[in-house]
>>> print(open('start-v1.txt').read())   # compact mmCIF, C-alpha atoms and all ligand atoms
# COMPACT_ATOMS: atom_id res chain seq x y z
CA MET A 1 -134.96 -20.73 -117.47
CA THR A 2 -136.11 -24.18 -116.44
CA THR A 3 -135.92 -25.53 -112.92
CA MET A 4 -136.14 -29.22 -113.69
CA LEU A 5 -134.71 -31.76 -111.32
CA HIS A 6 -135.11 -35.20 -112.72
CA ALA A 7 -136.23 -37.89 -110.37
CA THR A 8 -135.34 -41.42 -111.32
CA PRO A 9 -138.10 -42.63 -113.66
CA ASP A 10 -139.96 -45.57 -112.19
CA THR A 11 -139.36 -47.72 -115.24
CA ALA A 12 -135.61 -47.14 -115.07
CA ALA A 13 -135.61 -47.76 -111.33
CA ASP A 14 -137.32 -51.07 -111.95
CA ALA A 15 -134.55 -52.09 -114.31
CA ILE A 16 -131.99 -51.74 -111.51
CA PRO A 17 -131.75 -54.51 -108.92
CA ALA A 18 -133.31 -53.19 -105.74
CA THR A 19 -130.75 -54.62 -103.36
CA PRO A 20 -127.08 -55.41 -103.69
CA SER A 21 -127.67 -59.08 -102.90
CA GLU A 22 -130.13 -59.44 -105.78
CA ALA A 23 -127.66 -57.57 -107.94
CA THR A 24 -124.68 -59.81 -107.28
CA ALA A 25 -126.89 -62.77 -108.17
CA ALA A 26 -126.89 -61.53 -111.79
CA PRO A 27 -123.26 -61.10 -112.85
CA VAL A 28 -122.26 -58.76 -115.65
CA ALA A 29 -121.86 -60.45 -119.02
CA PRO A 30 -118.82 -58.65 -120.48
CA THR A 31 -119.51 -56.94 -123.79
CA VAL A 32 -116.97 -55.17 -125.96
CA PRO A 33 -118.10 -53.55 -129.21
CA ALA A 34 -116.75 -54.57 -132.63
CA GLY A 35 -113.78 -52.41 -133.54
CA ALA A 36 -112.61 -51.88 -129.97
CA ASP A 37 -109.24 -53.40 -130.90
CA ALA A 38 -108.64 -50.44 -133.19
CA LEU A 39 -108.65 -47.98 -130.29
CA LEU A 40 -105.28 -46.93 -128.87
CA PRO A 41 -105.34 -48.78 -125.55
CA VAL A 42 -104.56 -45.86 -123.26
CA TYR A 43 -107.65 -46.61 -121.19
CA LYS A 44 -108.22 -49.84 -119.33
CA ARG A 45 -111.91 -49.89 -120.18
CA VAL A 46 -114.52 -51.73 -118.17
CA PRO A 47 -115.91 -54.52 -120.40
CA VAL A 48 -119.40 -53.03 -120.53
CA THR A 49 -120.91 -51.30 -123.55
CA PHE A 50 -123.56 -48.70 -122.88
CA VAL A 51 -126.28 -48.18 -125.43
CA ARG A 52 -128.71 -45.87 -123.64
CA GLY A 53 -129.00 -43.48 -120.73
CA GLN A 54 -131.88 -42.04 -118.79
CA GLY A 55 -131.77 -39.85 -115.70
CA VAL A 56 -129.00 -41.10 -113.40
CA GLU A 57 -128.67 -44.47 -115.14
CA LEU A 58 -126.87 -46.03 -118.08
CA PHE A 59 -128.07 -49.23 -119.74
CA ASP A 60 -126.22 -51.97 -121.58
CA ALA A 61 -127.63 -53.87 -124.56
CA SER A 62 -129.21 -56.49 -122.29
CA GLY A 63 -131.24 -53.75 -120.62
CA ARG A 64 -129.29 -53.92 -117.39
CA GLY A 65 -129.18 -50.56 -115.62
CA TYR A 66 -126.21 -48.98 -113.85
CA LEU A 67 -126.63 -46.24 -111.28
CA ASP A 68 -124.06 -43.66 -112.36
CA PHE A 69 -121.90 -42.08 -109.65
CA ALA A 70 -119.22 -41.14 -112.19
CA SER A 71 -121.17 -38.83 -114.54
CA GLY A 72 -118.65 -39.39 -117.32
CA ILE A 73 -116.04 -37.93 -114.91
CA ALA A 74 -118.07 -34.96 -113.67
CA VAL A 75 -119.39 -34.11 -117.13
CA ASN A 76 -123.02 -35.26 -117.10
CA ALA A 77 -124.25 -32.90 -114.39
CA LEU A 78 -127.80 -33.07 -115.76
CA GLY A 79 -127.75 -36.84 -116.19
CA TYR A 80 -128.81 -38.65 -119.35
CA GLY A 81 -131.64 -38.10 -121.80
CA ASP A 82 -132.19 -34.59 -120.50
CA ALA A 83 -135.06 -33.01 -122.44
CA GLY A 84 -133.66 -29.49 -122.15
CA ILE A 85 -130.25 -30.43 -123.55
CA GLU A 86 -131.92 -32.36 -126.33
CA ARG A 87 -134.07 -29.34 -127.23
CA ALA A 88 -131.02 -27.03 -127.11
CA MET A 89 -129.20 -29.36 -129.53
CA HIS A 90 -132.17 -29.47 -131.91
CA ASP A 91 -132.57 -25.69 -131.79
CA ALA A 92 -128.83 -25.19 -132.32
CA ILE A 93 -128.73 -27.35 -135.41
CA ALA A 94 -131.72 -25.63 -137.02
CA SER A 95 -129.50 -22.76 -138.24
CA GLY A 96 -127.48 -25.20 -140.32
CA ILE A 97 -124.28 -23.76 -138.80
CA VAL A 98 -122.19 -26.02 -136.62
CA HIS A 99 -118.98 -24.10 -137.23
CA THR A 100 -117.76 -20.92 -138.89
CA SER A 101 -114.30 -20.40 -137.20
CA ASN A 102 -113.37 -17.56 -134.89
CA LEU A 103 -112.69 -15.27 -137.85
CA TYR A 104 -116.38 -14.33 -137.82
CA HIS A 105 -119.02 -13.51 -135.24
CA THR A 106 -121.80 -15.91 -134.30
CA GLU A 107 -124.40 -15.13 -131.66
CA PRO A 108 -124.24 -18.16 -129.31
CA GLY A 109 -120.58 -17.78 -128.29
CA ALA A 110 -121.05 -14.09 -127.56
CA ALA A 111 -124.22 -14.75 -125.56
CA LEU A 112 -122.52 -17.53 -123.56
CA ALA A 113 -119.51 -15.32 -122.78
CA ALA A 114 -121.80 -12.51 -121.63
CA ARG A 115 -123.75 -14.91 -119.42
CA LEU A 116 -120.58 -16.30 -117.80
CA VAL A 117 -119.37 -12.74 -117.18
CA GLU A 118 -122.71 -11.88 -115.61
CA LEU A 119 -122.55 -14.93 -113.32
CA SER A 120 -118.92 -14.59 -112.21
CA PHE A 121 -115.98 -12.37 -111.24
CA ALA A 122 -114.87 -12.29 -114.87
CA ASP A 123 -114.89 -9.58 -117.51
CA LYS A 124 -113.67 -11.66 -120.49
CA VAL A 125 -113.90 -15.29 -121.59
CA PHE A 126 -111.80 -17.40 -123.95
CA PHE A 127 -113.40 -20.60 -125.26
CA CYS A 128 -111.54 -23.77 -126.21
CA ASN A 129 -112.32 -27.48 -126.46
CA SER A 130 -111.16 -29.26 -123.32
CA GLY A 131 -109.91 -28.83 -119.81
CA ALA A 132 -106.23 -29.21 -120.64
CA GLU A 133 -106.61 -26.59 -123.37
CA ALA A 134 -108.20 -24.19 -120.91
CA VAL A 135 -105.28 -24.71 -118.50
CA GLU A 136 -102.68 -24.27 -121.24
CA GLY A 137 -104.47 -21.13 -122.37
CA SER A 138 -104.51 -19.74 -118.84
CA PHE A 139 -100.75 -20.34 -118.54
CA LYS A 140 -100.06 -18.43 -121.75
CA ILE A 141 -102.31 -15.57 -120.68
CA ALA A 142 -100.66 -15.48 -117.23
CA ARG A 143 -97.19 -15.23 -118.74
CA LYS A 144 -98.16 -12.45 -121.13
CA TRP A 145 -99.84 -10.58 -118.28
CA ALA A 146 -97.00 -11.12 -115.80
CA ARG A 147 -94.43 -9.81 -118.25
CA ARG A 148 -96.36 -6.58 -118.54
CA GLY A 149 -95.70 -6.05 -122.21
CA GLY A 150 -92.28 -7.68 -122.28
CA ASP A 151 -90.39 -5.67 -119.65
CA ALA A 152 -90.12 -8.60 -117.21
CA PRO A 153 -88.89 -11.54 -119.28
CA ALA A 154 -87.99 -13.59 -116.20
CA LYS A 155 -91.52 -13.54 -114.79
CA HIS A 156 -92.76 -16.78 -116.28
CA GLU A 157 -92.91 -19.56 -113.68
CA ILE A 158 -96.14 -21.45 -112.94
CA VAL A 159 -96.59 -22.97 -109.49
CA ALA A 160 -99.02 -25.87 -108.94
CA LEU A 161 -99.80 -27.83 -105.78
CA ARG A 162 -99.06 -31.29 -104.45
CA GLY A 163 -101.94 -33.60 -105.43
CA SER A 164 -102.93 -31.50 -108.43
CA PHE A 165 -104.34 -32.62 -111.76
CA HIS A 166 -104.53 -30.04 -114.53
CA GLY A 167 -104.42 -32.08 -117.74
CA ARG A 168 -102.28 -34.19 -120.05
CA LEU A 169 -100.63 -31.71 -122.43
CA PHE A 170 -97.04 -30.60 -121.91
CA ALA A 171 -97.59 -27.60 -119.63
CA SER A 172 -100.75 -28.85 -117.92
CA LEU A 173 -98.97 -32.19 -117.36
CA ALA A 174 -95.99 -30.36 -115.88
CA ALA A 175 -98.50 -28.87 -113.40
CA THR A 176 -99.94 -32.33 -112.64
CA ASP A 177 -98.58 -34.20 -109.63
CA ARG A 178 -98.73 -37.73 -111.05
CA PRO A 179 -95.29 -39.24 -111.69
CA ALA A 180 -96.70 -42.12 -113.76
CA TYR A 181 -98.39 -39.70 -116.14
CA ARG A 182 -95.31 -37.49 -116.39
CA LEU A 183 -92.19 -39.63 -116.45
CA PRO A 184 -92.50 -41.27 -119.90
CA PHE A 185 -92.99 -37.90 -121.58
CA ARG A 186 -90.16 -35.78 -120.20
CA PRO A 187 -89.04 -33.15 -120.91
CA LEU A 188 -92.31 -31.41 -120.01
CA ALA A 189 -92.82 -27.66 -120.33
CA PRO A 190 -90.08 -25.88 -118.38
CA GLY A 191 -90.86 -23.26 -115.74
CA VAL A 192 -93.71 -25.23 -114.17
CA GLY A 193 -93.25 -26.67 -110.68
CA ILE A 194 -95.14 -28.40 -107.90
CA VAL A 195 -95.11 -27.17 -104.30
CA GLU A 196 -96.61 -28.57 -101.07
CA ARG A 197 -100.09 -27.41 -100.04
CA ASP A 198 -98.50 -25.25 -97.39
CA ILE A 199 -98.44 -21.48 -97.28
CA GLU A 200 -94.90 -21.39 -95.89
CA ASP A 201 -93.61 -23.45 -98.81
CA LEU A 202 -95.49 -21.19 -101.21
CA GLU A 203 -93.96 -18.10 -99.62
CA VAL A 204 -90.57 -19.52 -100.59
CA ALA A 205 -91.58 -20.76 -104.04
CA VAL A 206 -93.64 -17.81 -105.27
CA SER A 207 -91.35 -14.99 -106.34
CA ALA A 208 -92.29 -11.45 -107.32
CA GLU A 209 -89.44 -11.55 -109.85
CA THR A 210 -89.90 -14.94 -111.51
CA THR A 211 -93.44 -16.29 -110.86
CA ALA A 212 -96.29 -15.60 -113.29
CA ALA A 213 -99.08 -17.69 -111.75
CA VAL A 214 -100.21 -20.08 -109.06
CA ILE A 215 -102.80 -22.62 -110.17
CA LEU A 216 -104.93 -24.67 -107.78
CA GLU A 217 -108.11 -26.73 -107.71
CA PRO A 218 -110.37 -25.51 -104.85
CA VAL A 219 -111.30 -29.19 -104.52
CA GLN A 220 -108.59 -31.46 -105.88
CA GLY A 221 -110.35 -34.13 -107.93
CA GLU A 222 -108.05 -36.75 -109.45
CA GLY A 223 -105.61 -36.20 -106.59
CA GLY A 224 -107.93 -37.81 -104.03
CA VAL A 225 -110.87 -35.42 -103.53
CA ARG A 226 -109.20 -32.93 -101.22
CA VAL A 227 -111.15 -29.83 -100.25
CA LEU A 228 -108.61 -27.07 -99.84
CA ASP A 229 -108.96 -25.08 -96.65
CA ALA A 230 -110.58 -21.68 -97.30
CA GLY A 231 -108.04 -19.96 -95.06
CA PHE A 232 -105.20 -21.49 -97.06
CA VAL A 233 -106.67 -20.36 -100.38
CA ARG A 234 -107.22 -16.85 -98.97
CA ALA A 235 -103.57 -16.78 -97.87
CA VAL A 236 -102.52 -17.86 -101.38
CA ARG A 237 -104.67 -15.06 -102.78
CA GLU A 238 -102.99 -12.53 -100.49
CA LEU A 239 -99.51 -13.80 -101.33
CA THR A 240 -100.10 -13.80 -105.09
CA ARG A 241 -101.62 -10.31 -105.02
CA GLU A 242 -98.66 -8.96 -103.02
CA ARG A 243 -96.16 -10.43 -105.46
CA GLY A 244 -97.93 -9.54 -108.71
CA VAL A 245 -98.71 -13.18 -109.49
CA ALA A 246 -101.93 -14.40 -111.13
CA LEU A 247 -104.14 -16.80 -109.16
CA ILE A 248 -105.71 -19.35 -111.50
CA LEU A 249 -108.44 -21.54 -110.04
CA ASP A 250 -108.94 -24.77 -111.95
CA GLU A 251 -112.67 -25.42 -111.54
CA ILE A 252 -112.86 -27.88 -114.41
CA GLN A 253 -114.08 -30.62 -112.06
CA CYS A 254 -115.33 -28.78 -108.96
CA GLY A 255 -116.97 -25.83 -110.73
CA LEU A 256 -120.36 -25.28 -112.35
CA GLY A 257 -122.50 -26.36 -109.43
CA ARG A 258 -120.73 -29.45 -108.15
CA THR A 259 -119.96 -27.95 -104.74
CA GLY A 260 -123.40 -26.37 -104.37
CA THR A 261 -122.46 -22.94 -105.69
CA LEU A 262 -122.02 -22.16 -109.37
CA PHE A 263 -118.31 -21.63 -108.77
CA ALA A 264 -116.33 -23.20 -105.94
CA TYR A 265 -114.47 -19.93 -105.31
CA GLU A 266 -117.73 -18.35 -104.10
CA GLN A 267 -117.39 -20.39 -100.90
CA LEU A 268 -113.76 -19.43 -100.33
CA GLY A 269 -114.04 -15.67 -100.06
CA VAL A 270 -111.48 -15.05 -102.80
CA VAL A 271 -111.62 -13.36 -106.17
CA PRO A 272 -109.31 -15.13 -108.63
CA ASP A 273 -107.62 -13.63 -111.68
CA MET A 274 -108.63 -16.57 -113.88
CA VAL A 275 -110.87 -19.62 -113.66
CA THR A 276 -110.69 -22.61 -115.98
CA LEU A 277 -113.86 -24.54 -116.82
CA ALA A 278 -114.63 -27.55 -118.98
CA LYS A 279 -116.15 -30.91 -118.03
CA PRO A 280 -119.91 -30.17 -117.55
CA LEU A 281 -119.90 -26.89 -119.48
CA ALA A 282 -121.59 -28.04 -122.68
CA GLY A 283 -123.65 -30.99 -121.49
CA GLY A 284 -121.21 -33.61 -122.78
CA LEU A 285 -120.03 -31.78 -125.88
CA PRO A 286 -116.32 -30.89 -125.72
CA MET A 287 -115.81 -27.34 -124.51
CA GLY A 288 -113.43 -25.49 -122.22
CA ALA A 289 -113.25 -21.88 -121.10
CA VAL A 290 -110.90 -19.46 -119.40
CA LEU A 291 -112.65 -16.74 -117.40
CA MET A 292 -110.53 -13.70 -116.52
CA THR A 293 -110.55 -10.16 -115.15
CA GLN A 294 -110.17 -7.12 -117.39
CA ASP A 295 -106.71 -6.54 -115.91
CA VAL A 296 -105.53 -9.95 -117.14
CA ALA A 297 -107.43 -9.74 -120.42
CA GLY A 298 -105.77 -6.39 -121.12
CA ALA A 299 -102.47 -8.20 -121.68
CA MET A 300 -103.83 -10.13 -124.68
CA SER A 301 -104.22 -8.80 -128.18
CA TYR A 302 -104.96 -10.02 -131.70
CA GLY A 303 -103.03 -13.14 -132.61
CA ASP A 304 -101.83 -13.92 -129.08
CA HIS A 305 -103.85 -17.14 -128.76
CA GLY A 306 -106.39 -19.07 -130.77
CA THR A 307 -108.27 -22.25 -131.59
CA THR A 308 -110.17 -23.37 -134.67
CA PHE A 309 -113.20 -24.86 -132.95
CA GLY A 310 -113.39 -22.99 -129.64
CA GLY A 311 -116.77 -21.47 -128.79
CA GLY A 312 -118.44 -22.52 -132.02
CA PRO A 313 -122.17 -21.84 -132.37
CA PHE A 314 -123.43 -25.39 -131.86
CA VAL A 315 -121.49 -26.17 -128.71
CA ALA A 316 -122.00 -22.66 -127.33
CA SER A 317 -125.79 -22.87 -127.81
CA VAL A 318 -125.91 -26.06 -125.79
CA ALA A 319 -123.58 -24.63 -123.12
CA ARG A 320 -125.79 -21.54 -122.86
CA HIS A 321 -128.66 -23.83 -121.86
CA VAL A 322 -126.51 -25.94 -119.51
CA VAL A 323 -125.07 -22.90 -117.71
CA ASP A 324 -128.55 -21.53 -117.02
CA ARG A 325 -129.65 -24.87 -115.65
CA LEU A 326 -126.55 -25.18 -113.44
CA ALA A 327 -126.88 -21.60 -112.21
CA ASP A 328 -130.46 -22.26 -111.09
CA PRO A 329 -130.65 -21.55 -107.33
CA VAL A 330 -133.08 -24.47 -106.95
CA LEU A 331 -130.51 -26.90 -108.36
CA LEU A 332 -127.66 -25.38 -106.32
CA ALA A 333 -129.66 -25.58 -103.08
CA HIS A 334 -130.51 -29.20 -103.92
CA VAL A 335 -126.79 -30.01 -104.39
CA LYS A 336 -125.80 -28.25 -101.19
CA GLU A 337 -128.48 -29.88 -99.07
CA ASN A 338 -128.31 -33.40 -100.47
CA GLY A 339 -124.52 -33.23 -100.77
CA ALA A 340 -124.26 -32.55 -97.02
CA TRP A 341 -126.67 -35.42 -96.44
CA LEU A 342 -124.55 -37.71 -98.65
CA GLY A 343 -121.40 -36.75 -96.73
CA ALA A 344 -123.09 -37.48 -93.39
CA ARG A 345 -124.29 -40.89 -94.63
CA LEU A 346 -120.82 -41.74 -95.93
CA ARG A 347 -119.30 -40.81 -92.57
CA GLU A 348 -121.86 -43.02 -90.83
CA MET A 349 -120.92 -45.83 -93.19
CA ALA A 350 -117.27 -45.29 -92.25
CA THR A 351 -118.14 -45.88 -88.59
CA ARG A 352 -119.82 -49.20 -89.47
CA THR A 353 -116.85 -50.69 -91.32
CA SER A 354 -113.14 -50.89 -90.62
CA ARG A 355 -112.61 -50.93 -94.41
CA VAL A 356 -113.11 -47.16 -94.75
CA ARG A 357 -110.29 -44.98 -93.51
CA ASP A 358 -111.45 -41.51 -94.45
CA VAL A 359 -114.30 -39.62 -96.10
CA ARG A 360 -113.67 -36.21 -97.71
CA GLY A 361 -115.67 -33.94 -99.92
CA THR A 362 -118.37 -31.37 -100.41
CA GLY A 363 -121.51 -31.05 -102.52
CA TYR A 364 -121.74 -33.90 -105.04
CA MET A 365 -117.99 -34.61 -104.93
CA TRP A 366 -116.79 -37.14 -102.36
CA GLY A 367 -113.75 -39.29 -101.81
CA VAL A 368 -113.83 -42.46 -99.72
CA ASP A 369 -110.48 -43.95 -98.71
CA VAL A 370 -110.64 -47.72 -98.43
CA THR A 371 -108.09 -50.07 -96.88
CA GLY A 372 -107.73 -52.28 -99.97
CA PRO A 373 -107.39 -51.32 -103.63
CA ALA A 374 -110.20 -48.97 -104.68
CA SER A 375 -110.34 -50.73 -108.06
CA ALA A 376 -111.61 -53.90 -106.35
CA VAL A 377 -114.55 -51.95 -104.92
CA VAL A 378 -115.21 -50.38 -108.34
CA ALA A 379 -115.42 -53.90 -109.83
CA LYS A 380 -117.82 -55.13 -107.13
CA ALA A 381 -119.99 -52.03 -107.53
CA LEU A 382 -120.14 -52.63 -111.27
CA GLU A 383 -121.31 -56.20 -110.67
CA ALA A 384 -124.02 -54.75 -108.45
CA GLY A 385 -125.10 -52.24 -111.10
CA MET A 386 -123.30 -49.07 -110.06
CA LEU A 387 -120.59 -46.95 -111.67
CA VAL A 388 -118.01 -45.32 -109.44
CA ILE A 389 -114.43 -44.24 -110.18
CA THR A 390 -111.17 -43.93 -108.29
CA ALA A 391 -108.87 -41.05 -107.41
CA GLY A 392 -105.64 -42.81 -106.58
CA GLU A 393 -105.01 -46.36 -105.43
CA HIS A 394 -107.12 -46.35 -102.26
CA THR A 395 -109.69 -43.64 -102.96
CA LEU A 396 -113.17 -44.09 -104.41
CA ARG A 397 -114.49 -40.96 -106.09
CA LEU A 398 -118.21 -40.25 -106.09
CA LEU A 399 -119.44 -37.74 -108.67
CA PRO A 400 -123.18 -38.33 -109.06
CA PRO A 401 -125.11 -36.26 -111.60
CA LEU A 402 -126.23 -33.06 -109.88
CA VAL A 403 -129.84 -34.03 -110.57
CA ALA A 404 -129.52 -37.21 -108.48
CA THR A 405 -132.22 -37.28 -105.81
CA ARG A 406 -131.73 -38.24 -102.19
CA ALA A 407 -133.25 -41.63 -103.03
CA ASP A 408 -130.65 -42.08 -105.81
CA LEU A 409 -127.88 -41.17 -103.38
CA ALA A 410 -129.23 -43.55 -100.73
CA ARG A 411 -129.31 -46.37 -103.26
CA GLY A 412 -125.71 -45.61 -104.21
CA ILE A 413 -124.53 -45.67 -100.60
CA ASP A 414 -126.20 -49.06 -100.04
CA ILE A 415 -124.56 -50.58 -103.11
CA LEU A 416 -121.23 -49.04 -102.23
CA GLU A 417 -121.26 -50.34 -98.67
CA ALA A 418 -122.00 -53.86 -99.93
CA ALA A 419 -119.29 -53.49 -102.61
CA ILE A 420 -116.72 -52.46 -100.00
CA ALA A 421 -117.59 -55.53 -97.92
CA ALA A 422 -117.56 -57.82 -100.98
CA ALA A 423 -114.17 -56.46 -102.14
CA ALA A 424 -112.69 -57.23 -98.74
CA GLN A 425 -113.79 -60.85 -99.13
CA GLY A 426 -111.99 -61.08 -102.49
C1 LIG A 501 -110.36 -33.30 -116.11
C2 LIG A 501 -109.56 -32.17 -115.60
C3 LIG A 501 -108.67 -31.47 -116.41
C4 LIG A 501 -108.39 -31.87 -117.84
O1 LIG A 501 -109.53 -31.80 -118.64
P1 LIG A 501 -109.54 -32.56 -120.07
O2 LIG A 501 -110.83 -32.09 -120.69
O3 LIG A 501 -109.51 -34.01 -119.79
O4 LIG A 501 -108.34 -32.09 -120.81
C5 LIG A 501 -107.99 -30.40 -115.86
N1 LIG A 501 -108.18 -30.03 -114.59
C6 LIG A 501 -109.03 -30.68 -113.77
C7 LIG A 501 -109.23 -30.21 -112.36
C8 LIG A 501 -109.74 -31.78 -114.24
O5 LIG A 501 -110.55 -32.45 -113.42
>>> encode(input="start-v1.txt", output="structure tokens")
Amino acid sequence: MTTMLHATPDTAADAIPATPSEATAAPVAPTVPAGADALLPVYKRVPVTFVRGQGVELFDASGRGYLDFASGIAVNALGYGDAGIERAMHDAIASGIVHTSNLYHTEPGAALAARLVELSFADKVFFCNSGAEAVEGSFKIARKWARRGGDAPAKHEIVALRGSFHGRLFASLAATDRPAYRLPFRPLAPGVGIVERDIEDLEVAVSAETTAAVILEPVQGEGGVRVLDAGFVRAVRELTRERGVALILDEIQCGLGRTGTLFAYEQLGVVPDMVTLAKPLAGGLPMGAVLMTQDVAGAMSYGDHGTTFGGGPFVASVARHVVDRLADPVLLAHVKENGAWLGARLREMATRTSRVRDVRGTGYMWGVDVTGPASAVVAKALEAGMLVITAGEHTLRLLPPLVATRADLARGIDILEAAIAAAAQG
């Protein structure tokens, strides 16, 4: 197991403007690659084309560097150009097998499942190819489990929380509290509902007779970076256990080290029935997973669920390396310590400007509510050589690579503060 934390290489640091004022002096020349018109325009892409990455920075063709506080939406936990990931990919391809299907055994998927079991509450793991697939899989498993072999046909409902994001497929979208994402695609999967983040509301909504599962993100990501109260999650755990309902924790964004522990649930004092993982799991390769207890797994048998690609040997080999790196206590302590430092600096920044209304987060996952549109700040930060994303209209979302050093974080805060001021000036 390696214990590498990558500092920003000096050469890359030199490519980034040292101060925001220098940075704004050199505006971004928009570049869009040939063929971009052929892409279905479901993303409003920033007109920048990245050609290279190193450490915590991406570079465009002109050599301009961008400090990355987005990490490909919480995917690139180990940053760019990571030597260990590169080696894992080379080693994985040496067998000549990228894929065999799940009709046969290959070693990497089995080894990865065993490692995740060793590191977590889980006894069994199902692999898939994305976050939404992991969520959909967990819903199917919860229903099969809740029906206890078919003698409780009514026990099928899935309850999600206000502010949730669980994916864009029909059931995961039904569990996602974003009207704009949902409305054009109705009818969504039936039997999935959204309830306030309030234990009294849940006591009404969660029924021993009709509910199969409650799903929640320990830290809501897309919904504004909201850290759920540990006492609330423990109460949900108690309620679901009493009523024979599965508790699914969606750790696709907040899991795998981002909060300073390998799993976010470790800090809540709860043991879930299932956990969904994806984003950083395979170092940027598409992979999702559902972790579950033996009790839940016991409901599933041959033919109950499947996927052609899930857990294939190439992606699993890379994930095996990534999981070891993210489980490294040195990395986790670094995230915990520097994440607390980042939060304190952001709160200080909030006291210096009337443009920041709230700061929320934990580890390397922070939300900053601004008075104006967050997208205006994102645009100013980009001009200054920094990538940051939003979580709602007024919330900036900071998701630096977990290997970002305190110096990287400090640089990001400086650029962000200047970007907030510049956005306010129009
Ligand atoms: C991103 C995300 C998903 C969906 O993952 P995809 O890989 O985009 O399908 C689900 N849940 C949470 C919490 C996420 O952040």
>>> closest_atom_pairs(input="start-v1.txt", of="chain A", to="ligand LIG 501 (chain A)", cutoff="7 Å", atoms="all atoms listed in the file", output="JSON lines")
{"residue": "A:Ser130", "atom": "CA", "partner": "A:LIG501", "partner_atom": "O2", "distance": 3.9}
{"residue": "A:Gly131", "atom": "CA", "partner": "A:LIG501", "partner_atom": "O1", "distance": 3.2}
{"residue": "A:Ala132", "atom": "CA", "partner": "A:LIG501", "partner_atom": "O4", "distance": 3.6}
{"residue": "A:Glu133", "atom": "CA", "partner": "A:LIG501", "partner_atom": "O4", "distance": 6.3}
{"residue": "A:Val135", "atom": "CA", "partner": "A:LIG501", "partner_atom": "C5", "distance": 6.8}
{"residue": "A:Phe165", "atom": "CA", "partner": "A:LIG501", "partner_atom": "N1", "distance": 5.4}
{"residue": "A:His166", "atom": "CA", "partner": "A:LIG501", "partner_atom": "N1", "distance": 3.7}
{"residue": "A:Gly167", "atom": "CA", "partner": "A:LIG501", "partner_atom": "C4", "distance": 4.0}
{"residue": "A:Arg168", "atom": "CA", "partner": "A:LIG501", "partner_atom": "O4", "distance": 6.5}
{"residue": "A:Glu217", "atom": "CA", "partner": "A:LIG501", "partner_atom": "C7", "distance": 5.9}
{"residue": "A:Gln220", "atom": "CA", "partner": "A:LIG501", "partner_atom": "C7", "distance": 6.6}
{"residue": "A:Gly221", "atom": "CA", "partner": "A:LIG501", "partner_atom": "O5", "distance": 5.7}
{"residue": "A:Glu222", "atom": "CA", "partner": "A:LIG501", "partner_atom": "O5", "distance": 6.4}
{"residue": "A:Asp250", "atom": "CA", "partner": "A:LIG501", "partner_atom": "C7", "distance": 5.5}
{"residue": "A:Glu251", "atom": "CA", "partner": "A:LIG501", "partner_atom": "C7", "distance": 6.0}
{"residue": "A:Ile252", "atom": "CA", "partner": "A:LIG501", "partner_atom": "C7", "distance": 4.8}
{"residue": "A:Gln253", "atom": "CA", "partner": "A:LIG501", "partner_atom": "O5", "distance": 4.2}
{"residue": "A:Ala278", "atom": "CA", "partner": "A:LIG501", "partner_atom": "O2", "distance": 6.2}
{"residue": "A:Lys279", "atom": "CA", "partner": "A:LIG501", "partner_atom": "O2", "distance": 6.1}
>>> atom_distance(input="start-v1.txt", atom1="CA of Ala61 in chain A", atom2="CA of Leu409 in chain A")
24.7 Å
>>> atom_distance(input="start-v1.txt", atom1="CA of Lys380 in chain A", atom2="CA of Lys44 in chain A")
16.4 Å
>>> atom_distance(input="start-v1.txt", atom1="CA of Leu398 in chain A", atom2="CA of Leu332 in chain A")
17.6 Å
>>> residues_around(input="start-v1.txt", residues="range 255-269 of chain A", least_positions_apart="6", cutoff="8 Å", atoms="all atoms listed in the file", output="list of chain:residue names")
A:Ala77, A:Ser120, A:Pro218, A:Val219, A:Ala230, A:Gly231, A:Val233, A:Arg234, A:Leu249, A:Leu277, A:Pro280, A:Leu281, A:Val323, A:Leu326, A:Ala327, A:Leu332, A:Ala333, A:His334, A:Val335, A:Lys336, A:Gly339, A:Thr362, A:Gly363, A:Tyr364, A:Met365, A:Leu402
>>> residues_around(input="start-v1.txt", residues="Arg241 in chain A", least_positions_apart="2", cutoff="12 Å", atoms="all atoms listed in the file", output="NGL selection string")
:A and (146 or 206-208 or 211-214 or 234-239 or 243-248 or 270-273)
>>> residues_around(input="start-v1.txt", residues="range 181-184 of chain A", least_positions_apart="2", cutoff="12 Å", atoms="all atoms listed in the file", output="JSON, numbers by chain")
{"A": [42, 165, 166, 167, 168, 169, 170, 171, 172, 173, 174, 175, 176, 177, 178, 179, 186, 187, 188, 189]}
>>> decode(input="start-v1.txt", residues="range 272-283 of chain A", atoms="C-alpha atoms", output="short mmCIF file (atom, residue, chain, number, x, y, z; two decimals), in the first residue's frame")
data_model
loop_
_atom_site.label_atom_id
_atom_site.label_comp_id
_atom_site.auth_asym_id
_atom_site.auth_seq_id
_atom_site.Cartn_x
_atom_site.Cartn_y
_atom_site.Cartn_z
CA PRO A 272 -26.67 0.84 7.42
CA ASP A 273 -28.22 -2.06 5.53
CA MET A 274 -26.79 -0.87 2.21
CA VAL A 275 -24.33 1.74 0.97
CA THR A 276 -24.07 2.94 -2.62
CA LEU A 277 -20.69 4.00 -4.01
CA ALA A 278 -19.49 5.28 -7.37
CA LYS A 279 -17.78 8.57 -8.25
CA PRO A 280 -14.16 8.13 -7.01
CA LEU A 281 -14.28 4.34 -6.80
CA ALA A 282 -12.23 3.47 -9.88
CA GLY A 283 -10.04 6.54 -10.29
#
